[in-house]
Structure formats: C-alpha cells, structure tokens
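Following: one structure in structure tokens, then a few remarks.
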Amino acid sequence: MNCILIDDEAAARAIVSQLCSKVPELNVMEEFDNAIEAIKFLNQYKVDLVFLDIHMPGFTGIDFIQTLKNPPKIVMTTSDTDFAIASYEYEAIVDYLVKPITHERFQKCIQKVKNTSVGTSSASAATNEQETALGEDLYINIDRRLIKLKFAEILLIEAKGDYINIKTESKDYLVHTTLKKIMEKLPEDKFLQIHRSYVINFNKIVDIEDNSVLIEKSVIPISRSNRPELMRRLNLL
Amino acid sequence: MIETPNLEYVDNLADGDTAFRQKFIGILKEEFPIEQEEYLDTMKNVLFREASEHVHKIKHKLNVLGLHNAYTLAVQHENELRNGEQSLKEEFLSILKVVEHYLKNI
C-alpha cells in the first residue's frame with residue numbers, strides 16, 4: 001500500500017514514518033510539510049493512503065480533502081478531537097489517530113484501512129481548476145498556488161480561449177480550464193450561464209436590459225437561447 | 001507540580017531502533033528551540049492568535065516527552081490565547097524552561 005505523510009511538524013512525520021516502517025504492507029513514498037506540495041505529488045503518482053494532519057497553517061487538512069476530486073483513503077492525525085466529527089463527514093476518511101500515536105492504535109488503524117473499501121486506489125487529485133466539493137468556496141490553481149475563492153465574491157466568469165477569467169469584487173483570475181468544467185463546480189442556484197462566453201453570479205445582477213445584464217460595472221450580453229432561463233429565475237413583480 | 005520529561009514514548013516507538021531514537025531526539029532538539037522562540041516573540045508582540053499556533057506545535061512535544069499534565073495546561077493556554085487571554089503564560093513558560101533544560105542535556 002503506497003502512502004504519503006502530510007504534517008507541518010517534522011517530529012510528527014517521524015513518528016508516523018516509524019510506525020509505518022513496522023507494517024510490511026506500507027510503503028511510505030514521500031513526506032510533506034504542507035498539503036499543497038502533496039497535491040502536486042498526487043497529480044503524478046498513485047497513492048493508496050494519506051496520513052494527514054488537520055491543523056496546519058494556511059492550508060489545513062480539511063482544505064486538502066476538499067480540494068481532491070477522488071481522494072485516496074485518508075487517516076487523520078491530530079490532537080484536535082474537536083475536528084473528529086467534522087472529519088468524518090468525508091467519505092475518504094477511514095480513521096482518526098490522536099497524537100501521540102501508539103503502536104497498538106496504529107495497528108488497529110491499518111486493519112481498519114485494509115477492511116474499508118471507501119475511497120479509490122487511484123488517487124486523482126484536482127486538475128488545474130482545482131475543484132472542491134460544493135460548499136461555499138472553490139480552489140483555483142494560479143502559479144502553483146491554490147487560491148480559495150468564495151462563491152459570494154465571484155461576479156462573473158468569462159471564457160477566453162483555453163482559459164477562463166474569474167472576475168471577483170477585488171481581483172481577476174485567469175485559470176486554465178473551460179466554462180463547462182467550472183460550471184460543474186458552481187452551485188446552480190447562484191450561477192447561470194447567460195451567453196456562450198459568460199457565466200454570472202445571479203446575486204450580483206444590478207439590472208437587466210433587453211439583451212444585456214449589468215454586473216457591477218460590466219455589461220454582459222444575454223444570448224437568445226439563455227434568456228428564457230434567466231427570465232424564469234427572476235423574481236418578477 | 002511540573003512533571004519530569006522522559007523518553008518512554010520515544011523508546012517504545014523506537015523498539016530498539018537506535019538510529020530512529022537518535023534521529024527523533026535530533027528533531028526535538030532542532031524544532032523545540034525554534035518553536036519556543038517563535039512563541040516568545042509572538043507573546044512579546046501581543047500576537048496571541050499566532051502564539052496559540054506555536055503552543056499547538058509545542059504541546060505535541062510535551063506529550064511525546066511524557067508531560068501529560070503540561071500538555072493539558074498547554075491545551076488550555078492555546079485556547080485562552082485564541083480568546084486574547086494569557087493567564088497561563090507564566091506556568092507555560094516554566095514548562096518551556098524544563099523542556100529546554102532537558103533537551104539540552106540528553
């Protein structure tokens with residue numbers, strides 16, 4: 001079973017690595033002190049199991065799980081028992097190890113991993129657009145950094161060849177993906193495609209004229225085919 | 001009362017693997033002073049939220065060194081710092097001194 005370790009503390013990684021060394025079936029492929037580097041690794045290699053610390057600065061273990069499209073089996077390692085309930089909301093999480101981890105508890109965990117069929121053996125991390133499960137936000141990959149965008153901040157998304165331009169209240173982000181792909185990751189009740197090249201945040205509409213929508217200061221064309229759906233969703237007086 | 005640090009957990013984990021034992025002690029000796037200094041800096045600058053993050057890291061080492069009461073106090077200190085309070089600062093500093101002395105002498 002190929003596994004990786006993610007923990008920002010070297011001491012914690014050394015403990016899990018030592019415990020893994022006592023289990024012949026486990027092969028520790030790599031150790032990471034941050035989750036973002038691990039995501040890049042998952043994009044390249046097949047990983048069966050991830051030992052993941054929840055409490056890491058910046059990009060937490062939960063952020064990591066939400067970023068993965070098809071996560072491998074995950075064992076959480078932390079002292080924050082408060083996170084336990086939240087972590088079990090994710091199907092990929094097989095077990096939860098409280099630090100300091102003992103040999104006995106680790107053996108039980110590995111047995112549980114073997115007996116659990118959730119997750120997939122092929123670790124497919126998110127692609128360039130870095131999809132999350134539908135929540136309140138979306139991660140995008142810009143220059144090797146995963147940036148969290150809250151849905152509520154997005155004004156509109158414009159197709160630009162092989163890229164999309166995500167326009168937010170504060171900044172624009174150019175991402176290598178398609179409108180179709182990002183639409184799959186956006187909540188349907190908040191976003192609507194009104195033109196072949198435009199998706200808008202429904203809540204950001206200022207006004208609508210015959211063939212266009214005003215989003216903040218941007219005038220966005222409405223295509224004939226998309227207009228009926230837009231009109232259907234308006235709360236017209 | 002402050003407990004005495006020990007390597008019982010580390011020895012159990014090493015299970016006779018002296019290379020691991022030495023490597024792990026080396027990591028503790030390297031990481032602890034950095035985390036301690038970062039904690040002291042953030043406390044000096046009244047950055048309690050950041051200080052709580054350092055306490056979070058240090059507390060694992062307390063557990064590893066068999067300081068279970070100290071670990072409990074560290075959890076409380078971490079939580080109070082998140083709320084902008086520092087009533088357990090002096091007790092936590094005493095623990096840090098004990099650990100610092102211990103790691104310098106193993």
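By order in the structure tokens, chains are A, B, ...; within a chain, residues start at 1; ligands start at 1, following the order shown.
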Near B:Asn6, counting only C-alpha atoms, which residues have an atom at most 9 Å away, once you skip same-chain residues fewer than 5 positions from it, shown as number ranges by chain? B: 64-67, 102
For chain B, which residues have at least one atom within 7 Å of chain A, if we go by only C-alpha atoms? Write them as a list of chain:residue names, please.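 Therefore, the residues near the partner are B:Phe24, B:Ile27, B:Leu28, B:Asn63, B:Val64.
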Please identify the alpha helix (DSSP H) residues within chain B (assignment by DSSP from backbone atoms) and present them as a ChimeraX atom specification. /B:8-14,18-44,48-64,68-82,89-104
One decimal, Å: what's the distance from atom CA of A:Leu156 over to atom CA of A:Thr168, could you say?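 Between atom CA of A:Leu156 and atom CA of A:Thr168 the gap is 7.1 Å.
Excluding B:Gln86 and any residue on its chain fewer than 3 positions from it, the residues at most 12 Å away by only C-alpha atoms are Met43, Lys44, Val46, Leu47, Phe48, Arg49, Ala51, Ser52, Val55, Leu73, Ala74, Gln76, His77, Glu78, Asn79, Glu80, Leu81, Arg82, Asn83, Lys89, Glu90, Glu91, Phe92 and Leu93 of chain B.
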Take the residues from that selection and put them in a file with C-alpha atoms, as a tab-separated table (two decimals), in the first residue's frame.
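Saved the output as selection24.tsv:
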```tsv
chain	number	residue	atom	x	y	z
B	43	MET	CA	3.83	36.83	23.06
B	44	LYS	CA	6.21	39.78	23.28
B	46	VAL	CA	0.99	40.57	21.84
B	47	LEU	CA	0.11	38.42	18.84
B	48	PHE	CA	-1.93	35.93	20.82
B	49	ARG	CA	-3.52	34.19	17.86
B	51	ALA	CA	1.22	32.47	19.75
B	52	SER	CA	-1.57	29.90	20.07
B	55	VAL	CA	1.64	26.44	21.58
B	73	LEU	CA	-2.13	23.11	30.52
B	74	ALA	CA	-0.83	23.82	27.02
B	76	GLN	CA	-5.84	25.43	27.97
B	77	HIS	CA	-3.23	28.06	27.19
B	78	GLU	CA	-3.72	27.58	23.45
B	79	ASN	CA	-7.46	28.05	23.86
B	80	GLU	CA	-7.18	31.11	26.09
B	81	LEU	CA	-4.74	32.73	23.66
B	82	ARG	CA	-7.30	32.30	20.91
B	83	ASN	CA	-9.62	34.33	23.09
B	89	LYS	CA	1.58	32.31	30.37
B	90	GLU	CA	3.89	32.06	33.41
B	91	GLU	CA	3.05	28.40	34.04
B	92	PHE	CA	3.63	27.62	30.39
B	93	LEU	CA	6.96	29.45	30.45
```
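When only C-alpha atoms are used to measure the gap to A:Glu158, the shortest distance among A:Val113, A:Ile54, A:Leu214, A:Ile220 belongs to A:Ile220.
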